[in-house]
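Q: I'm passing along run_6.cif; it holds mmCIF, C-alpha atoms.
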data_query
loop_
_atom_site.group_PDB
_atom_site.id
_atom_site.type_symbol
_atom_site.label_atom_id
_atom_site.label_comp_id
_atom_site.auth_asym_id
_atom_site.auth_seq_id
_atom_site.Cartn_x
_atom_site.Cartn_y
_atom_site.Cartn_z
ATOM 1 C CA MET W 1 292.972 -54.153 233.650
ATOM 2 C CA ALA W 2 290.610 -51.640 232.002
ATOM 3 C CA GLU W 3 287.811 -54.200 231.879
ATOM 4 C CA ARG W 4 288.292 -55.101 235.556
ATOM 5 C CA LEU W 5 288.222 -51.446 236.545
ATOM 6 C CA ALA W 6 284.975 -50.966 234.605
ATOM 7 C CA GLU W 7 283.452 -53.887 236.471
ATOM 8 C CA VAL W 8 284.394 -52.390 239.849
ATOM 9 C CA GLU W 9 283.014 -48.981 238.838
ATOM 10 C CA ALA W 10 279.752 -50.653 237.768
ATOM 11 C CA ARG W 11 279.529 -52.359 241.150
ATOM 12 C CA ILE W 12 280.116 -49.015 242.874
ATOM 13 C CA GLU W 13 277.226 -47.503 240.923
ATOM 14 C CA SER W 14 275.017 -50.463 241.843
ATOM 15 C CA VAL W 15 275.902 -50.038 245.510
ATOM 16 C CA HIS W 16 275.007 -46.333 245.339
ATOM 17 C CA GLN W 17 271.612 -47.207 243.857
ATOM 18 C CA LEU W 18 271.044 -49.783 246.596
ATOM 19 C CA SER W 19 271.896 -47.157 249.202
ATOM 20 C CA SER W 20 269.210 -44.875 247.735
ATOM 21 C CA VAL W 21 266.625 -47.668 247.952
ATOM 22 C CA ILE W 22 267.584 -48.380 251.556
ATOM 23 C CA GLY W 23 267.224 -44.710 252.412
ATOM 24 C CA ALA W 24 263.764 -44.592 250.817
ATOM 25 C CA VAL W 25 262.575 -47.703 252.694
ATOM 26 C CA ARG W 26 263.883 -46.265 255.959
ATOM 27 C CA ALA W 27 262.101 -42.958 255.343
ATOM 28 C CA ILE W 28 258.795 -44.729 254.626
ATOM 29 C CA ALA W 29 259.146 -46.844 257.773
ATOM 30 C CA ALA W 30 259.881 -43.743 259.853
ATOM 31 C CA ALA W 31 256.789 -41.971 258.484
ATOM 32 C CA ARG W 32 254.565 -44.958 259.256
ATOM 33 C CA LEU W 33 256.032 -45.255 262.739
ATOM 34 C CA ARG W 34 255.169 -41.608 263.435
ATOM 35 C CA GLU W 35 251.670 -42.177 262.026
ATOM 36 C CA ALA W 36 251.106 -45.152 264.345
ATOM 37 C CA LYS W 37 252.339 -43.285 267.412
ATOM 38 C CA ALA W 38 250.035 -40.385 266.552
ATOM 39 C CA ARG W 39 246.979 -42.687 266.454
ATOM 40 C CA LEU W 40 247.775 -44.644 269.604
ATOM 41 C CA PRO W 41 246.624 -42.012 272.177
ATOM 42 C CA GLY W 42 243.192 -41.805 270.553
ATOM 43 C CA ILE W 43 242.706 -45.574 270.711
ATOM 44 C CA GLN W 44 243.854 -45.689 274.330
ATOM 45 C CA THR W 45 241.466 -42.865 275.227
ATOM 46 C CA TYR W 46 238.655 -44.776 273.539
ATOM 47 C CA ALA W 47 239.503 -47.890 275.590
ATOM 48 C CA ARG W 48 239.559 -45.866 278.828
ATOM 49 C CA THR W 49 236.146 -44.404 277.998
ATOM 50 C CA ILE W 50 234.690 -47.887 277.473
ATOM 51 C CA GLY W 51 236.368 -48.991 280.704
ATOM 52 C CA GLU W 52 234.710 -46.176 282.641
ATOM 53 C CA ALA W 53 231.337 -47.150 281.159
ATOM 54 C CA ILE W 54 231.926 -50.764 282.270
ATOM 55 C CA ALA W 55 232.745 -49.564 285.788
ATOM 56 C CA GLN W 56 229.484 -47.594 285.935
ATOM 57 C CA ALA W 57 227.476 -50.508 284.520
ATOM 58 C CA LEU W 58 228.970 -52.882 287.108
ATOM 59 C CA ALA W 59 227.449 -50.717 289.837
ATOM 60 C CA LEU W 60 224.024 -51.472 288.374
ATOM 61 C CA VAL W 61 224.236 -55.257 288.757
ATOM 62 C CA PRO W 62 224.202 -57.136 292.090
ATOM 63 C CA GLN W 63 227.241 -59.202 291.124
ATOM 64 C CA ALA W 64 229.879 -58.907 288.427
ATOM 65 C CA PRO W 65 229.678 -61.576 285.698
ATOM 66 C CA ALA W 66 231.980 -64.520 286.378
ATOM 67 C CA ASN W 67 234.624 -65.606 283.918
ATOM 68 C CA ALA W 68 233.767 -68.643 281.819
ATOM 69 C CA ALA W 69 235.175 -71.878 283.148
ATOM 70 C CA LYS W 70 238.222 -73.306 281.464
ATOM 71 C CA GLY W 71 239.154 -76.846 280.588
ATOM 72 C CA GLY W 72 236.959 -79.777 279.637
ATOM 73 C CA ASN W 73 236.568 -80.397 275.934
ATOM 74 C CA ARG W 74 236.785 -76.755 275.030
ATOM 75 C CA LYS W 75 239.501 -75.202 272.906
ATOM 76 C CA SER W 76 241.681 -72.134 273.017
ATOM 77 C CA ILE W 77 242.457 -69.533 270.370
ATOM 78 C CA VAL W 78 245.761 -67.733 269.884
ATOM 79 C CA LEU W 79 245.491 -64.457 267.970
ATOM 80 C CA ALA W 80 248.966 -63.407 266.804
ATOM 81 C CA ILE W 81 249.894 -60.225 264.934
ATOM 82 C CA GLY W 82 253.008 -60.362 262.768
ATOM 83 C CA ALA W 83 254.605 -58.429 259.929
ATOM 84 C CA GLU W 84 253.063 -57.988 256.515
ATOM 85 C CA GLN W 85 256.280 -57.212 254.649
ATOM 86 C CA GLY W 86 259.936 -58.135 254.899
ATOM 87 C CA PHE W 87 263.118 -56.292 255.891
ATOM 88 C CA VAL W 88 262.219 -56.593 259.584
ATOM 89 C CA GLY W 89 265.095 -58.731 260.850
ATOM 90 C CA ASN W 90 264.004 -61.354 263.359
ATOM 91 C CA PHE W 91 260.667 -59.655 264.092
ATOM 92 C CA ASN W 92 258.545 -62.614 262.978
ATOM 93 C CA GLY W 93 260.967 -65.135 264.436
ATOM 94 C CA ARG W 94 260.586 -63.742 267.938
ATOM 95 C CA LEU W 95 256.804 -63.659 267.542
ATOM 96 C CA LEU W 96 256.696 -67.313 266.457
ATOM 97 C CA ASP W 97 259.070 -68.286 269.269
ATOM 98 C CA ALA W 98 256.540 -66.825 271.730
ATOM 99 C CA LEU W 99 253.392 -68.373 270.254
ATOM 100 C CA THR W 100 254.717 -71.845 269.397
ATOM 101 C CA PRO W 101 254.533 -73.162 272.988
ATOM 102 C CA LEU W 102 251.065 -71.618 273.335
ATOM 103 C CA THR W 103 249.661 -73.448 270.319
ATOM 104 C CA ARG W 104 251.244 -76.727 271.408
ATOM 105 C CA SER W 105 250.448 -76.570 275.123
ATOM 106 C CA SER W 106 248.276 -79.197 276.787
ATOM 107 C CA ARG W 107 246.023 -76.791 278.652
ATOM 108 C CA THR W 108 243.216 -77.462 276.198
ATOM 109 C CA PRO W 109 242.598 -80.413 273.868
ATOM 110 C CA SER W 110 242.802 -78.199 270.764
ATOM 111 C CA CYS W 111 244.030 -74.770 269.802
ATOM 112 C CA GLU W 112 243.346 -72.583 266.780
ATOM 113 C CA LEU W 113 245.907 -70.088 265.510
ATOM 114 C CA LEU W 114 244.634 -66.870 263.986
ATOM 115 C CA LEU W 115 247.600 -65.132 262.368
ATOM 116 C CA VAL W 116 247.756 -61.615 260.942
ATOM 117 C CA GLY W 117 250.540 -60.718 258.517
ATOM 118 C CA SER W 118 251.492 -62.366 255.211
ATOM 119 C CA HIS W 119 255.227 -62.434 255.942
ATOM 120 C CA ALA W 120 254.551 -63.922 259.374
ATOM 121 C CA ALA W 121 252.299 -66.568 257.782
ATOM 122 C CA SER W 122 255.129 -67.584 255.438
ATOM 123 C CA ALA W 123 257.488 -67.906 258.398
ATOM 124 C CA ALA W 124 254.893 -69.997 260.253
ATOM 125 C CA SER W 125 254.588 -72.303 257.239
ATOM 126 C CA GLU W 126 258.354 -72.846 257.291
ATOM 127 C CA ARG W 127 258.052 -73.911 260.929
ATOM 128 C CA VAL W 128 255.176 -76.270 260.060
ATOM 129 C CA LEU W 129 252.721 -74.363 262.261
ATOM 130 C CA THR W 130 249.056 -74.883 261.410
ATOM 131 C CA VAL W 131 247.327 -71.563 260.745
ATOM 132 C CA ASN W 132 243.542 -71.850 260.952
ATOM 133 C CA TRP W 133 242.802 -68.308 259.794
ATOM 134 C CA SER W 134 244.958 -65.537 258.411
ATOM 135 C CA ALA W 135 244.661 -62.005 257.087
ATOM 136 C CA PRO W 136 247.099 -59.466 255.670
ATOM 137 C CA MET W 137 248.437 -56.965 258.175
ATOM 138 C CA ALA W 138 247.654 -53.301 257.597
ATOM 139 C CA THR W 139 250.297 -51.446 255.599
ATOM 140 C CA HIS W 140 248.876 -48.021 256.483
ATOM 141 C CA ALA W 141 247.552 -46.813 259.812
ATOM 142 C CA GLN W 142 244.165 -45.867 258.354
ATOM 143 C CA GLU W 143 243.567 -49.534 257.465
ATOM 144 C CA ILE W 144 243.749 -50.700 261.099
ATOM 145 C CA ALA W 145 240.083 -50.088 262.012
ATOM 146 C CA GLY W 146 238.849 -52.159 259.063
ATOM 147 C CA LEU W 147 241.297 -54.949 259.872
ATOM 148 C CA ALA W 148 240.197 -54.919 263.522
ATOM 149 C CA ASN W 149 236.605 -55.431 262.374
ATOM 150 C CA ARG W 150 237.622 -58.449 260.269
ATOM 151 C CA ILE W 151 239.534 -59.958 263.181
ATOM 152 C CA ALA W 152 236.662 -59.346 265.614
ATOM 153 C CA ASP W 153 234.183 -60.971 263.226
ATOM 154 C CA ALA W 154 236.394 -64.049 262.814
ATOM 155 C CA LEU W 155 236.963 -64.230 266.563
ATOM 156 C CA PHE W 156 233.361 -63.845 267.680
ATOM 157 C CA ASP W 157 232.163 -66.314 265.040
ATOM 158 C CA ARG W 158 234.395 -68.914 266.679
ATOM 159 C CA ILE W 159 233.339 -68.206 270.255
ATOM 160 C CA ALA W 160 229.619 -67.890 269.488
ATOM 161 C CA ASN W 161 229.032 -71.630 270.002
ATOM 162 C CA GLY W 162 230.519 -71.519 273.514
ATOM 163 C CA GLU W 163 233.280 -74.055 272.802
ATOM 164 C CA VAL W 164 236.175 -71.628 273.311
ATOM 165 C CA SER W 165 237.664 -71.485 276.794
ATOM 166 C CA GLU W 166 240.183 -68.688 276.254
ATOM 167 C CA VAL W 167 241.660 -66.333 273.690
ATOM 168 C CA LEU W 168 245.276 -65.188 273.950
ATOM 169 C CA LEU W 169 246.607 -62.118 272.153
ATOM 170 C CA VAL W 170 250.250 -62.173 271.002
ATOM 171 C CA HIS W 171 251.890 -59.113 269.470
ATOM 172 C CA ALA W 172 255.019 -56.983 269.535
ATOM 173 C CA ALA W 173 255.292 -53.487 270.983
ATOM 174 C CA THR W 174 257.938 -50.801 270.820
ATOM 175 C CA ASP W 175 260.115 -50.266 273.872
ATOM 176 C CA ALA W 176 262.797 -47.577 274.011
ATOM 177 C CA GLN W 177 264.627 -49.545 276.714
ATOM 178 C CA GLN W 178 265.156 -52.613 274.510
ATOM 179 C CA PRO W 179 266.961 -52.887 271.155
ATOM 180 C CA GLU W 180 264.301 -55.301 269.868
ATOM 181 C CA SER W 181 260.551 -54.906 270.267
ATOM 182 C CA PRO W 182 259.358 -57.203 273.079
ATOM 183 C CA VAL W 183 256.587 -59.711 272.405
ATOM 184 C CA GLN W 184 253.545 -59.412 274.663
ATOM 185 C CA VAL W 185 251.235 -62.321 275.506
ATOM 186 C CA ARG W 186 248.021 -61.375 277.289
ATOM 187 C CA PRO W 187 244.568 -62.897 277.756
ATOM 188 C CA LEU W 188 241.809 -61.366 275.675
ATOM 189 C CA LEU W 189 238.920 -63.640 276.662
ATOM 190 C CA PRO W 190 237.202 -64.637 278.909
ATOM 191 C CA PHE W 191 236.671 -61.015 279.776
ATOM 192 C CA ASP W 192 238.065 -60.073 283.179
ATOM 193 C CA PHE W 193 235.542 -57.732 284.807
ATOM 194 C CA SER W 194 237.667 -57.612 287.967
ATOM 195 C CA ARG W 195 239.923 -55.089 286.211
ATOM 196 C CA PHE W 196 237.190 -52.492 286.664
ATOM 197 C CA ALA W 197 236.082 -51.427 290.108
ATOM 198 C CA PRO W 198 232.318 -50.680 290.190
ATOM 199 C CA LEU W 199 231.780 -46.934 290.032
ATOM 200 C CA ALA W 200 228.570 -45.882 291.769
ATOM 201 C CA ARG W 201 227.356 -42.367 291.020
ATOM 202 C CA ALA W 202 224.901 -40.214 292.950
ATOM 203 C CA GLN W 203 222.822 -39.995 289.812
ATOM 204 C CA PRO W 204 222.755 -43.431 288.081
ATOM 205 C CA PRO W 205 223.237 -43.315 284.300
ATOM 206 C CA ILE W 206 220.186 -43.559 282.092
ATOM 207 C CA ILE W 207 220.270 -46.839 280.187
ATOM 208 C CA GLN W 208 218.023 -48.335 277.535
ATOM 209 C CA LEU W 209 219.193 -51.951 277.936
ATOM 210 C CA PRO W 210 219.171 -54.413 280.831
ATOM 211 C CA PRO W 211 222.442 -53.968 282.783
ATOM 212 C CA GLU W 212 223.627 -57.501 282.008
ATOM 213 C CA ARG W 213 223.152 -57.036 278.272
ATOM 214 C CA LEU W 214 224.759 -53.604 278.435
ATOM 215 C CA LEU W 215 227.787 -55.092 280.184
ATOM 216 C CA ALA W 216 228.111 -57.799 277.552
ATOM 217 C CA GLN W 217 228.035 -55.261 274.717
ATOM 218 C CA LEU W 218 230.507 -52.979 276.489
ATOM 219 C CA ALA W 219 232.838 -55.942 277.012
ATOM 220 C CA ASP W 220 232.696 -56.726 273.280
ATOM 221 C CA GLU W 221 233.484 -53.096 272.526
ATOM 222 C CA TYR W 222 236.419 -53.139 274.936
ATOM 223 C CA VAL W 223 237.795 -56.288 273.274
ATOM 224 C CA PHE W 224 237.568 -54.477 269.928
ATOM 225 C CA ALA W 225 239.521 -51.561 271.424
ATOM 226 C CA GLU W 226 242.183 -53.972 272.694
ATOM 227 C CA ILE W 227 242.507 -55.509 269.225
ATOM 228 C CA CYS W 228 242.891 -52.028 267.703
ATOM 229 C CA GLU W 229 245.552 -51.130 270.256
ATOM 230 C CA ALA W 230 247.463 -54.372 269.609
ATOM 231 C CA LEU W 231 247.361 -53.732 265.852
ATOM 232 C CA VAL W 232 248.716 -50.201 266.249
ATOM 233 C CA LEU W 233 251.450 -51.342 268.631
ATOM 234 C CA SER W 234 252.465 -54.151 266.295
ATOM 235 C CA PHE W 235 252.320 -51.827 263.275
ATOM 236 C CA ALA W 236 254.648 -49.419 265.064
ATOM 237 C CA ALA W 237 256.977 -52.224 266.161
ATOM 238 C CA GLU W 238 257.134 -53.655 262.637
ATOM 239 C CA ASN W 239 258.162 -50.329 261.146
ATOM 240 C CA GLU W 240 260.627 -49.680 263.949
ATOM 241 C CA ALA W 241 262.220 -53.076 263.226
ATOM 242 C CA ARG W 242 262.345 -52.162 259.525
ATOM 243 C CA MET W 243 264.054 -48.876 260.359
ATOM 244 C CA GLN W 244 266.675 -50.681 262.442
ATOM 245 C CA ALA W 245 267.235 -53.213 259.662
ATOM 246 C CA MET W 246 267.704 -50.406 257.141
ATOM 247 C CA VAL W 247 270.169 -48.606 259.416
ATOM 248 C CA ALA W 248 272.242 -51.795 259.676
ATOM 249 C CA ALA W 249 271.962 -52.362 255.909
ATOM 250 C CA ARG W 250 273.039 -48.808 255.181
ATOM 251 C CA GLU W 251 276.119 -49.216 257.368
ATOM 252 C CA ASN W 252 277.020 -52.431 255.528
ATOM 253 C CA VAL W 253 276.470 -50.767 252.154
ATOM 254 C CA ALA W 254 278.622 -47.783 253.163
ATOM 255 C CA ARG W 255 281.407 -50.111 254.251
ATOM 256 C CA ARG W 256 281.164 -52.058 250.996
ATOM 257 C CA SER W 257 281.178 -48.827 248.996
ATOM 258 C CA ASP W 258 284.358 -47.688 250.746
ATOM 259 C CA GLU W 259 286.007 -51.049 250.019
ATOM 260 C CA LEU W 260 285.084 -50.865 246.323
ATOM 261 C CA ALA W 261 286.220 -47.251 246.052
ATOM 262 C CA ALA W 262 289.592 -48.148 247.579
ATOM 263 C CA ARG W 263 289.938 -51.060 245.160
ATOM 264 C CA ALA W 264 289.056 -48.805 242.210
ATOM 265 C CA ARG W 265 291.670 -46.245 243.244
ATOM 266 C CA LEU W 266 294.316 -48.971 243.484
ATOM 267 C CA MET W 267 293.389 -50.327 240.078
ATOM 268 C CA ARG W 268 293.552 -46.842 238.535
ATOM 269 C CA GLN W 269 297.008 -46.363 240.007
ATOM 270 C CA GLU W 270 298.128 -49.708 238.599
ATOM 271 C CA GLN W 271 296.671 -48.791 235.209
ATOM 272 C CA ILE W 272 298.478 -45.440 235.182
ATOM 273 C CA THR W 273 301.720 -47.127 236.216
ATOM 274 C CA GLU W 274 301.423 -49.636 233.375
ATOM 275 C CA GLU W 275 300.792 -46.851 230.867
ATOM 276 C CA VAL W 276 303.807 -44.867 232.107
ATOM 277 C CA ILE W 277 306.010 -47.962 231.832
ATOM 278 C CA GLU W 278 304.764 -48.605 228.285
ATOM 279 C CA LEU W 279 305.447 -44.994 227.279
ATOM 280 C CA ALA W 280 308.912 -45.106 228.823
ATOM 281 C CA SER W 281 309.693 -48.385 227.076
ATOM 282 C CA GLY W 282 308.469 -47.024 223.753
ATOM 283 C CA GLY W 283 310.611 -43.890 224.088
ATOM 284 C CA ALA W 284 313.708 -45.929 224.893
ATOM 285 C CA SER W 285 313.149 -48.106 221.832
ATOM 286 C CA MET W 286 312.841 -45.068 219.546
ATOM 287 C CA ARG W 287 316.096 -43.644 220.909
#
Output the structure of this file as structure tokens.
A:
Amino acid sequence: MAERLAEVEARIESVHQLSSVIGAVRAIAAARLREAKARLPGIQTYARTIGEAIAQALALVPQAPANAAKGGNRKSIVLAIGAEQGFVGNFNGRLLDALTPLTRSSRTPSCELLLVGSHAASAASERVLTVNWSAPMATHAQEIAGLANRIADALFDRIANGEVSEVLLVHAATDAQQPESPVQVRPLLPFDFSRFAPLARAQPPIIQLPPERLLAQLADEYVFAEICEALVLSFAAENEARMQAMVAARENVARRSDELAARARLMRQEQITEEVIELASGGASMR
């Protein structure tokens, strides 16, 4: 009985240590979630500023650039942003559920999958999804700008030859109205200039480039801003999912700890009872 009680007490200590680890992981995820939410307004302001510049540049050209034609022998690209680390529940599963039909659709003869996030890449490998390019997801908010540059370079290298008909962006985003972060699918390219109404000013802006070239560069800059925003949103959603997973794990650990503590108390009572019976039996024998 003593050995069994020692085993239960050792398990209780192990559960307490696990609870401390869970609390630490939850605290780190909460700090990173706050960091992401603090950076998001700045990125959105940057995107709005570029959007206003596009609207002013559109007023300088006789006609807005038309979107590139789709179809033919051209291919599509799906840029998906997943989780870098584990303990995120079904975060990557929902992302892969959303992008699987996109990569296997018949809208274009071929499709390339650009996937961000090592844990998401492992999950994609288990589903036998072909990943044409991958990169680790940022683990700190200050790494997002550098990662966005890497993604933009890989993306624009692929569309430079004019064989890409469209680029779709797939990522998760936090939503207080839903228990799980929803997955967003939105077109990134061809660039939709119709989103910006031409903004004519009494005093036209001074420009150093032809309006068409200026528009093209502003569009590239806006795409970069959209990639940054998607990375921050996904970074926040990943850490929110990790927080929720840790809350559930902590509840399970607390329940298990209570069960082990109750078992230990019962075993102590049984041990004391056995000792009392032995003492009573020994006293009766001596008498």
Q: For the file shown, report as an mmCIF file with C-alpha atoms, in the coordinates of the input the outcome of the PyMOL selection byres ((chain W and resi 56-61) around 8) at residue level.
A:
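Result written to selection_26.cif:
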data_model
loop_
_atom_site.group_PDB
_atom_site.id
_atom_site.type_symbol
_atom_site.label_atom_id
_atom_site.label_comp_id
_atom_site.auth_asym_id
_atom_site.auth_seq_id
_atom_site.Cartn_x
_atom_site.Cartn_y
_atom_site.Cartn_z
ATOM 1 C CA GLU W 52 234.710 -46.176 282.641
ATOM 2 C CA ALA W 53 231.337 -47.150 281.159
ATOM 3 C CA ILE W 54 231.926 -50.764 282.270
ATOM 4 C CA ALA W 55 232.745 -49.564 285.788
ATOM 5 C CA PRO W 62 224.202 -57.136 292.090
ATOM 6 C CA GLN W 63 227.241 -59.202 291.124
ATOM 7 C CA ALA W 64 229.879 -58.907 288.427
ATOM 8 C CA ALA W 197 236.082 -51.427 290.108
ATOM 9 C CA PRO W 198 232.318 -50.680 290.190
ATOM 10 C CA LEU W 199 231.780 -46.934 290.032
ATOM 11 C CA ALA W 200 228.570 -45.882 291.769
ATOM 12 C CA ARG W 201 227.356 -42.367 291.020
ATOM 13 C CA PRO W 205 223.237 -43.315 284.300
ATOM 14 C CA PRO W 211 222.442 -53.968 282.783
ATOM 15 C CA GLU W 212 223.627 -57.501 282.008
ATOM 16 C CA LEU W 214 224.759 -53.604 278.435
ATOM 17 C CA LEU W 215 227.787 -55.092 280.184
#
Q: Find the spatial neighbours of stretch 222-237 of chain W, counting all atoms listed in the file, within a cut-off of 6 Å - ignore same-chain residues fewer than 5 positions away - and output them as JSON, numbers by chain.
A: {"W": [33, 36, 47, 148, 171, 172, 173, 174]}
Q: Work out how far apart atom CA of W:Val88 and atom CA of W:Leu155 are and give it in Å to one decimal.
A: 27.3 Å
Q: Written as a PyMOL selection string, which residues does the PyMOL selection byres ((chain W and resi 9) around 12) give for the file shown?
A: chain W and resi 2-8+10-16+257+259-265+267-268
Q: By how many Å are atom CA of W:Gly89 and atom CA of W:Arg127 apart?
A: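 According to the coordinates, atom CA of W:Gly89 and atom CA of W:Arg127 are separated by 16.7 Å.
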Q: Can you work out which one of W:Ile43, W:Ala160, W:Leu189, W:Ile77 has the shortest atom-to-atom distance to W:Val131, counting only C-alpha atoms?
A: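 That would be W:Ile77, the residue with the smallest distance to W:Val131.
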Q: Let me make sure I understand: among W:Val116, W:Val25, W:Leu279, W:Val185, which one has the smallest atom-to-atom distance to W:Pro101 if we use only C-alpha atoms?
A: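 Looking only at the distances to W:Pro101, the closest residue turns out to be W:Val185.
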Q: Taking only C-alpha atoms into account, name the residue in W:Ser118, W:Asn90, W:Ser20, W:Thr139 that is nearest to W:Val183.
A: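 Selected residue with least distance to W:Val183: W:Asn90.
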Q: With 8 Å added on each side, what axis-aligned box encloses every listed atom of stretch 205-212 of chain W? Give the centre and edge lengths in Å to one decimal, as AutoDock Vina command-line options.
A:
--center_x 220.8 --center_y -50.4 --center_z 280.9 --size_x 21.6 --size_y 30.2 --size_z 22.8
Q: Mind pulling up the distance from atom CA of W:Cys111 to atom CA of W:Gly93?
A: 20.2 Å
Q: Translate the PyMOL selection byres ((chain W and resi 83) around 6) into a concrete residue list for this structure, as a PyMOL selection string.
A: chain W and resi 82+84-85+117+119-120
Q: Skip W:Ser19 itself and residues of its chain fewer than 2 positions away, then list as a list in words all residues within 9 Å of it, counting only C-alpha atoms.
A: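 Once the nearby chain positions are removed, what remains is Ser14, Val15, His16, Gln17, Val21, Ile22, Gly23, Ala24, Ala249, Arg250, Val253 and Ala254 of chain W.
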Q: Counting only C-alpha atoms, what is within 9 Å of W:Leu99, bar same-chain residues fewer than 2 positions away, as a PyMOL selection string?
A: chain W and resi 78+80+94-97+101-104+170+185
Q: Give as a list of chain:residue names the set of residues within 9 Å of the point (233.2, -71.9, 275.8), where distances use the file's coordinates and only C-alpha atoms.
A: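 I get W:Ala68, W:Ala69, W:Lys70, W:Arg74, W:Lys75, W:Ser76, W:Ile159, W:Ala160, W:Asn161, W:Gly162, W:Glu163, W:Val164, W:Ser165, W:Glu166, W:Pro190 for the residues within 9 Å of that point.
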